[in-house]
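Participant: Pasting my_file27.pdb below, which is PDB, C-alpha atoms.
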ATOM      1  CA  MET A   8      49.284 199.754 136.394
ATOM      2  CA  TYR A   9      52.291 198.859 138.549
ATOM      3  CA  LYS A  10      53.706 195.384 138.025
ATOM      4  CA  GLY A  11      56.936 195.724 139.996
ATOM      5  CA  ILE A  12      57.888 197.597 143.167
ATOM      6  CA  ILE A  13      61.437 198.130 144.426
ATOM      7  CA  PHE A  14      61.758 198.818 148.142
ATOM      8  CA  ASP A  15      64.382 200.386 150.311
ATOM      9  CA  LEU A  16      64.740 198.545 153.640
ATOM     10  CA  ASP A  17      65.679 200.610 156.716
ATOM     11  CA  GLY A  18      63.020 203.210 157.454
ATOM     12  CA  THR A  19      60.790 201.798 154.726
ATOM     13  CA  ILE A  20      59.855 198.208 155.601
ATOM     14  CA  ILE A  21      61.535 197.870 158.987
ATOM     15  CA  ASP A  22      62.534 200.221 161.787
ATOM     16  CA  THR A  23      66.159 199.427 162.626
ATOM     17  CA  ARG A  24      67.016 202.610 164.522
ATOM     18  CA  GLU A  25      67.492 201.113 167.971
ATOM     19  CA  ASP A  26      69.798 198.324 166.790
ATOM     20  CA  LEU A  27      71.842 200.616 164.537
ATOM     21  CA  ALA A  28      72.285 203.066 167.410
ATOM     22  CA  LEU A  29      73.237 200.256 169.768
ATOM     23  CA  ALA A  30      75.955 199.038 167.391
ATOM     24  CA  ILE A  31      77.286 202.552 166.819
ATOM     25  CA  ASN A  32      77.371 203.277 170.546
ATOM     26  CA  LEU A  33      79.168 200.027 171.322
ATOM     27  CA  MET A  34      81.733 201.012 168.672
ATOM     28  CA  LEU A  35      82.081 204.486 170.209
ATOM     29  CA  GLN A  36      82.607 202.903 173.629
ATOM     30  CA  ASP A  37      85.436 200.840 172.143
ATOM     31  CA  TYR A  38      87.218 204.161 171.582
ATOM     32  CA  ASN A  39      86.083 205.739 174.862
ATOM     33  CA  LEU A  40      84.055 208.279 172.902
ATOM     34  CA  PRO A  41      80.717 209.790 173.973
ATOM     35  CA  THR A  42      77.656 207.849 172.871
ATOM     36  CA  MET A  43      74.829 209.293 170.738
ATOM     37  CA  THR A  44      71.059 209.344 170.867
ATOM     38  CA  THR A  45      69.111 207.007 168.637
ATOM     39  CA  GLU A  46      67.711 210.017 166.763
ATOM     40  CA  LYS A  47      71.177 211.351 165.963
ATOM     41  CA  VAL A  48      72.403 207.994 164.685
ATOM     42  CA  ALA A  49      69.228 207.579 162.600
ATOM     43  CA  GLY A  50      69.999 210.891 160.915
ATOM     44  CA  TYR A  51      73.261 209.405 159.634
ATOM     45  CA  VAL A  52      71.555 206.422 157.945
ATOM     46  CA  GLY A  53      70.988 206.153 154.197
ATOM     47  CA  ASN A  54      74.324 206.037 152.405
ATOM     48  CA  GLY A  55      75.695 202.724 153.614
ATOM     49  CA  ALA A  56      77.475 201.405 156.698
ATOM     50  CA  ARG A  57      80.786 203.115 155.981
ATOM     51  CA  LYS A  58      79.152 206.542 155.752
ATOM     52  CA  LEU A  59      77.241 205.821 158.950
ATOM     53  CA  VAL A  60      80.505 205.076 160.746
ATOM     54  CA  GLU A  61      82.282 208.065 159.162
ATOM     55  CA  ARG A  62      79.533 210.448 160.233
ATOM     56  CA  SER A  63      79.453 209.024 163.733
ATOM     57  CA  LEU A  64      83.232 209.476 164.109
ATOM     58  CA  ALA A  65      83.576 212.834 162.342
ATOM     59  CA  GLY A  66      86.362 214.942 163.829
ATOM     60  CA  THR A  67      87.741 212.193 166.071
ATOM     61  CA  GLY A  68      90.661 211.119 163.888
ATOM     62  CA  THR A  69      89.659 207.478 164.242
ATOM     63  CA  ASN A  70      90.717 204.947 161.612
ATOM     64  CA  ILE A  71      87.490 204.304 159.689
ATOM     65  CA  ASP A  72      88.464 200.898 158.308
ATOM     66  CA  GLU A  73      89.163 199.605 161.814
ATOM     67  CA  ALA A  74      86.047 201.236 163.230
ATOM     68  CA  LEU A  75      83.867 199.785 160.478
ATOM     69  CA  LYS A  76      85.003 196.267 161.407
ATOM     70  CA  LYS A  77      84.095 196.938 165.041
ATOM     71  CA  TYR A  78      80.708 198.356 164.061
ATOM     72  CA  ASN A  79      79.934 195.405 161.768
ATOM     73  CA  LYS A  80      80.789 192.946 164.547
ATOM     74  CA  HIS A  81      78.561 194.729 167.052
ATOM     75  CA  TYR A  82      75.710 195.055 164.595
ATOM     76  CA  SER A  83      75.889 191.382 163.620
ATOM     77  CA  GLU A  84      75.384 190.516 167.308
ATOM     78  CA  HIS A  85      72.304 192.751 167.699
ATOM     79  CA  LEU A  86      70.595 192.660 164.292
ATOM     80  CA  THR A  87      67.050 192.104 165.467
ATOM     81  CA  ASP A  88      67.099 192.908 169.184
ATOM     82  CA  ASN A  89      64.669 195.802 168.695
ATOM     83  CA  THR A  90      64.000 195.850 164.935
ATOM     84  CA  TYR A  91      60.378 195.561 163.815
ATOM     85  CA  CYS A  92      58.172 195.826 160.714
ATOM     86  CA  TYR A  93      56.122 198.940 160.138
ATOM     87  CA  ASN A  94      52.369 198.640 160.531
ATOM     88  CA  GLY A  95      50.732 197.238 157.416
ATOM     89  CA  ALA A  96      53.979 196.138 155.768
ATOM     90  CA  VAL A  97      53.476 192.366 155.937
ATOM     91  CA  GLU A  98      49.799 192.528 154.967
ATOM     92  CA  THR A  99      50.554 194.793 152.000
ATOM     93  CA  LEU A 100      53.436 192.622 150.801
ATOM     94  CA  LYS A 101      51.205 189.549 151.038
ATOM     95  CA  LYS A 102      48.605 191.300 148.880
ATOM     96  CA  PHE A 103      51.210 192.195 146.261
ATOM     97  CA  ASN A 104      52.404 188.584 146.274
ATOM     98  CA  THR A 105      48.846 187.293 145.807
ATOM     99  CA  ASP A 106      48.229 189.763 142.981
ATOM    100  CA  GLY A 107      51.414 188.748 141.154
ATOM    101  CA  ILE A 108      53.176 192.085 141.629
ATOM    102  CA  LYS A 109      56.935 191.568 141.768
ATOM    103  CA  CYS A 110      58.819 193.050 144.726
ATOM    104  CA  ALA A 111      62.547 193.617 145.239
ATOM    105  CA  ILE A 112      64.848 195.073 147.879
ATOM    106  CA  LEU A 113      67.407 197.705 146.924
ATOM    107  CA  THR A 114      69.247 198.964 149.995
ATOM    108  CA  ASN A 115      72.549 200.617 150.804
ATOM    109  CA  LYS A 116      72.789 198.282 153.801
ATOM    110  CA  PRO A 117      75.397 195.523 153.303
ATOM    111  CA  GLU A 118      74.037 192.286 151.857
ATOM    112  CA  LYS A 119      74.871 189.977 154.776
ATOM    113  CA  PRO A 120      72.869 191.786 157.490
ATOM    114  CA  THR A 121      70.124 192.545 154.968
ATOM    115  CA  LEU A 122      69.592 188.853 154.202
ATOM    116  CA  GLU A 123      69.968 187.832 157.842
ATOM    117  CA  ILE A 124      67.327 190.308 159.016
ATOM    118  CA  LEU A 125      64.892 189.459 156.211
ATOM    119  CA  ASN A 126      65.235 185.736 156.895
ATOM    120  CA  ARG A 127      64.869 186.102 160.657
ATOM    121  CA  MET A 128      61.730 188.200 160.198
ATOM    122  CA  ASN A 129      60.293 185.856 157.535
ATOM    123  CA  LEU A 130      60.287 188.662 154.958
ATOM    124  CA  ALA A 131      62.751 187.326 152.362
ATOM    125  CA  ARG A 132      59.954 185.266 150.768
ATOM    126  CA  PHE A 133      58.391 188.437 149.373
ATOM    127  CA  PHE A 134      61.416 189.699 147.419
ATOM    128  CA  ASP A 135      63.421 188.712 144.365
ATOM    129  CA  PRO A 136      66.025 190.018 143.885
ATOM    130  CA  ILE A 137      67.442 191.326 147.162
ATOM    131  CA  TYR A 138      70.333 193.707 146.546
ATOM    132  CA  GLY A 139      72.455 195.105 149.348
ATOM    133  CA  ALA A 140      75.268 197.624 149.170
ATOM    134  CA  ASP A 141      77.833 195.012 148.129
ATOM    135  CA  SER A 142      75.573 192.864 145.934
ATOM    136  CA  THR A 143      76.479 195.029 142.942
ATOM    137  CA  PRO A 144      79.114 197.707 142.266
ATOM    138  CA  PHE A 145      76.433 200.407 142.674
ATOM    139  CA  LEU A 146      75.125 202.381 145.645
ATOM    140  CA  LYS A 147      71.975 204.479 145.485
ATOM    141  CA  PRO A 148      71.495 207.075 144.018
ATOM    142  CA  ASP A 149      73.539 205.463 141.233
ATOM    143  CA  PRO A 150      70.858 203.739 139.093
ATOM    144  CA  GLY A 151      73.064 200.780 138.140
ATOM    145  CA  ALA A 152      71.547 198.236 140.540
ATOM    146  CA  LEU A 153      68.015 199.470 139.876
ATOM    147  CA  ASN A 154      68.577 199.020 136.157
ATOM    148  CA  LEU A 155      69.737 195.447 136.819
ATOM    149  CA  ILE A 156      66.392 194.768 138.503
ATOM    150  CA  VAL A 157      64.519 196.300 135.565
ATOM    151  CA  LYS A 158      66.454 194.057 133.182
ATOM    152  CA  LYS A 159      65.868 190.957 135.319
ATOM    153  CA  TRP A 160      62.136 191.565 135.511
ATOM    154  CA  ASN A 161      61.749 192.740 131.914
ATOM    155  CA  ILE A 162      58.953 195.103 132.963
ATOM    156  CA  PRO A 163      58.524 198.515 131.279
ATOM    157  CA  LYS A 164      59.734 201.362 133.478
ATOM    158  CA  GLU A 165      56.322 203.021 133.418
ATOM    159  CA  ASN A 166      55.016 199.986 135.332
ATOM    160  CA  LEU A 167      57.580 200.229 138.148
ATOM    161  CA  LEU A 168      57.784 202.076 141.478
ATOM    162  CA  MET A 169      60.704 202.822 143.785
ATOM    163  CA  VAL A 170      59.636 203.115 147.434
ATOM    164  CA  GLY A 171      61.784 204.594 150.192
ATOM    165  CA  ASP A 172      62.179 207.108 152.980
ATOM    166  CA  ASN A 173      65.290 208.989 151.854
ATOM    167  CA  TYR A 174      66.453 211.358 149.136
ATOM    168  CA  THR A 175      68.701 208.583 147.815
ATOM    169  CA  ASP A 176      65.588 206.561 146.958
ATOM    170  CA  ILE A 177      63.919 209.447 145.139
ATOM    171  CA  HIS A 178      67.122 210.289 143.279
ATOM    172  CA  VAL A 179      67.782 206.694 142.197
ATOM    173  CA  ALA A 180      64.244 206.457 140.823
ATOM    174  CA  LYS A 181      64.624 209.665 138.849
ATOM    175  CA  ASN A 182      68.068 208.594 137.632
ATOM    176  CA  ALA A 183      66.580 205.323 136.366
ATOM    177  CA  GLY A 184      63.484 206.944 134.873
ATOM    178  CA  ILE A 185      60.840 205.389 137.116
ATOM    179  CA  LYS A 186      58.330 206.868 139.563
ATOM    180  CA  SER A 187      59.048 207.194 143.265
ATOM    181  CA  VAL A 188      57.170 206.950 146.551
ATOM    182  CA  PHE A 189      58.368 208.713 149.701
ATOM    183  CA  PHE A 190      57.291 207.321 153.088
ATOM    184  CA  THR A 191      56.968 210.058 155.709
ATOM    185  CA  PHE A 192      57.090 207.647 158.663
ATOM    186  CA  GLY A 193      60.708 206.622 158.046
ATOM    187  CA  TYR A 194      63.814 208.373 159.334
ATOM    188  CA  GLY A 195      65.436 209.468 156.102
ATOM    189  CA  VAL A 196      65.579 212.981 154.654
ATOM    190  CA  ARG A 197      63.443 214.017 151.712
ATOM    191  CA  ASP A 198      65.719 216.929 150.774
ATOM    192  CA  LYS A 199      64.475 219.308 148.084
ATOM    193  CA  ILE A 200      63.706 216.700 145.430
ATOM    194  CA  GLU A 201      60.045 215.910 144.714
ATOM    195  CA  PRO A 202      58.822 212.301 144.690
ATOM    196  CA  ASP A 203      55.818 211.297 142.606
ATOM    197  CA  TYR A 204      53.870 210.172 145.678
ATOM    198  CA  VAL A 205      54.108 211.017 149.372
ATOM    199  CA  LEU A 206      52.471 208.460 151.679
ATOM    200  CA  ASP A 207      51.920 208.388 155.436
ATOM    201  CA  SER A 208      51.389 204.641 155.855
ATOM    202  CA  PHE A 209      52.582 201.447 154.203
ATOM    203  CA  SER A 210      49.096 200.255 153.295
ATOM    204  CA  GLN A 211      48.475 203.389 151.224
ATOM    205  CA  LEU A 212      50.626 201.766 148.548
ATOM    206  CA  LEU A 213      47.581 199.646 147.700
ATOM    207  CA  ASN A 214      45.733 202.791 146.585
ATOM    208  CA  ILE A 215      48.264 203.775 143.928
ATOM    209  CA  LYS A 216      47.059 202.764 140.481
TER     210      LYS A 216
END
Can the structure from this file be put into structure tokens for me?

Facilitator:
Amino acid sequence: MYKGIIFDLDGTIIDTREDLALAINLMLQDYNLPTMTTEKVAGYVGNGARKLVERSLAGTGTNIDEALKKYNKHYSEHLTDNTYCYNGAVETLKKFNTDGIKCAILTNKPEKPTLEILNRMNLARFFDPIYGADSTPFLKPDPGALNLIVKKWNIPKENLLMVGDNYTDIHVAKNAGIKSVFFTFGYGVRDKIEPDYVLDSFSQLLNIK
């Protein structure tokens, strides 16, 4: 039934928590501020790099534009130090590729680190298009970028899935009129909105018909 699948990235295909936390903590050290646990930083992920920095610096009075530049520099130097694919991700993506099911990336992560990570991990080959936060004028849950993918593929919306680990992924799917999958193993927040499917492993995607 499904001919196209749009994936979030962080917390969905790859676990980036350690490297995100490292970059945030290096930024905090630049300002002589207390560092944070990986779990706390992971809880701030999902709405783009700027929001991640804003949440990490809340109440400190720090200039966010300046801090964002510092964070981006640190993150660019540690993109894949500890980042890894979730179990079953590569095998499942290979199966989709073999079966002719189109796959795309739609993430609120900036485009440059998104492409760099996917290329380093030999994952970019599975996805077209790959949209980061600055690839289009739209951030999830705004459906603008998702609708661009629908138009590019020319696949009916009833034959599409949006897969992610955060409420932004469920919301963007509903806003675009397509079905959603929520991965419980990620580090996003489901919130009170109901996805169409809740899965505990990446390979379970193969069972959705």

Participant: Env of region 197-212 of chain A: 12 Å cut, atoms = all atoms listed in the file, seq-sep filter 2 positions within chain, self excluded. Answer as number ranges by chain.

Facilitator: A: 9, 12, 14, 18-21, 50, 53, 92-103, 168-181, 184-195, 214-216

Participant: Got a sec to check which residues sit within 8 Å of (72.9, 196.0, 146.9), counting only C-alpha atoms, and write them as a list in words?

Facilitator: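 Within 8 Å of (72.9, 196.0, 146.9), the protein and nucleic acid residues are Leu113, Thr114, Asn115, Lys116, Pro117, Glu118, Ile137, Tyr138, Gly139, Ala140, Asp141, Ser142, Thr143, Pro144, Phe145, Leu146 and Ala152 of chain A.
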
Participant: Can you list, as a PyMOL selection string, every protein, DNA or RNA residue that comes within 12 Å of Leu59 (chain A) when you count all atoms listed in the file, leaving out same-chain residues fewer than 3 positions away?

Facilitator: chain A and resi 27-28+30-32+34+47-56+62-65+71+74-75+78-79+115-117

Participant: Next, write the just-selected residues to a file, as an mmCIF file, keeping the file's coordinate frame, keeping C-alpha atoms as the atom set.

Facilitator:
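What landed in again23.cif:
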data_model
loop_
_atom_site.group_PDB
_atom_site.id
_atom_site.type_symbol
_atom_site.label_atom_id
_atom_site.label_comp_id
_atom_site.auth_asym_id
_atom_site.auth_seq_id
_atom_site.Cartn_x
_atom_site.Cartn_y
_atom_site.Cartn_z
ATOM 1 C CA LEU A 27 71.842 200.616 164.537
ATOM 2 C CA ALA A 28 72.285 203.066 167.410
ATOM 3 C CA ALA A 30 75.955 199.038 167.391
ATOM 4 C CA ILE A 31 77.286 202.552 166.819
ATOM 5 C CA ASN A 32 77.371 203.277 170.546
ATOM 6 C CA MET A 34 81.733 201.012 168.672
ATOM 7 C CA LYS A 47 71.177 211.351 165.963
ATOM 8 C CA VAL A 48 72.403 207.994 164.685
ATOM 9 C CA ALA A 49 69.228 207.579 162.600
ATOM 10 C CA GLY A 50 69.999 210.891 160.915
ATOM 11 C CA TYR A 51 73.261 209.405 159.634
ATOM 12 C CA VAL A 52 71.555 206.422 157.945
ATOM 13 C CA GLY A 53 70.988 206.153 154.197
ATOM 14 C CA ASN A 54 74.324 206.037 152.405
ATOM 15 C CA GLY A 55 75.695 202.724 153.614
ATOM 16 C CA ALA A 56 77.475 201.405 156.698
ATOM 17 C CA ARG A 62 79.533 210.448 160.233
ATOM 18 C CA SER A 63 79.453 209.024 163.733
ATOM 19 C CA LEU A 64 83.232 209.476 164.109
ATOM 20 C CA ALA A 65 83.576 212.834 162.342
ATOM 21 C CA ILE A 71 87.490 204.304 159.689
ATOM 22 C CA ALA A 74 86.047 201.236 163.230
ATOM 23 C CA LEU A 75 83.867 199.785 160.478
ATOM 24 C CA TYR A 78 80.708 198.356 164.061
ATOM 25 C CA ASN A 79 79.934 195.405 161.768
ATOM 26 C CA ASN A 115 72.549 200.617 150.804
ATOM 27 C CA LYS A 116 72.789 198.282 153.801
ATOM 28 C CA PRO A 117 75.397 195.523 153.303
#

Participant: Rank A:Glu61, A:Asn154, A:Ile124, A:Lys77 by their smallest atom-to-atom distance to Gln36 (chain A), using all atoms listed in the file, and report the top residue only.

Facilitator: A:Lys77

Participant: With all atoms listed in the file as the counted atoms, please give the residues lying no more than 6 Å from Ile13 (chain A), apart from itself and same-chain residues fewer than 4 positions off, as a compact mmCIF listing (two decimals) with C-alpha atoms, in the coordinates of the input.

Facilitator:
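The file below, around_21.txt, is the result:
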# COMPACT_ATOMS: atom_id res chain seq x y z
CA CYS A 110 58.82 193.05 144.73
CA ALA A 111 62.55 193.62 145.24
CA ILE A 112 64.85 195.07 147.88
CA MET A 169 60.70 202.82 143.78

Participant: Return the single residue from A:Arg127, A:Arg57, A:Thr67, A:Leu122 that is closest to Tyr38 (chain A), with distances computed using only C-alpha atoms.

Facilitator: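 Under the stated criterion, the closest residue is A:Thr67.
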
Participant: When you draw a straight line from CA of Leu16 (chain A) to CA of Pro150 (chain A), how long is it in Å?

Facilitator: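 Result for CA of Leu16 (chain A) versus CA of Pro150 (chain A): 16.6 Å, one decimal.
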
Participant: Between CA of Asn89 (chain A) and CA of Thr121 (chain A), what is the distance, to one decimal in Å?

Facilitator: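 Atom-to-atom, CA of Asn89 (chain A) and CA of Thr121 (chain A) are spaced 15.1 Å apart.
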
Participant: So what do you get for CA of Glu46 (chain A) versus CA of Arg24 (chain A), distance-wise?

Facilitator: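 For CA of Glu46 (chain A) relative to CA of Arg24 (chain A), the distance reads 7.8 Å.
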
Participant: Of the candidates A:Trp160, A:Tyr91, A:Lys119, A:Asn104, which shows the shortest atom-to-atom distance to Pro136 (chain A), using all atoms listed in the file?

Facilitator: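 Closest to Pro136 (chain A), using all atoms listed in the file: A:Trp160.
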
Participant: Counting all atoms listed in the file, figure out which residue out of A:Asp15, A:Asp135, A:Gly107, A:Leu33 gets nearest to Ile156 (chain A).

Facilitator: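 Using all atoms listed in the file, the shortest distance to Ile156 (chain A) belongs to A:Asp135.
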
Participant: Have a look at A:Gly151, A:Glu84, A:Leu29, A:Ala183 and name the one nearest to Glu165 (chain A); count all atoms listed in the file.

Facilitator: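 Answer, going by the shortest atom-to-atom distance: A:Ala183.
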
Participant: Would you please work out which residue, of A:Lys80, A:Ile162, A:Thr87, A:Leu40, is nearest to Met128 (chain A) when using all atoms listed in the file?

Facilitator: A:Thr87
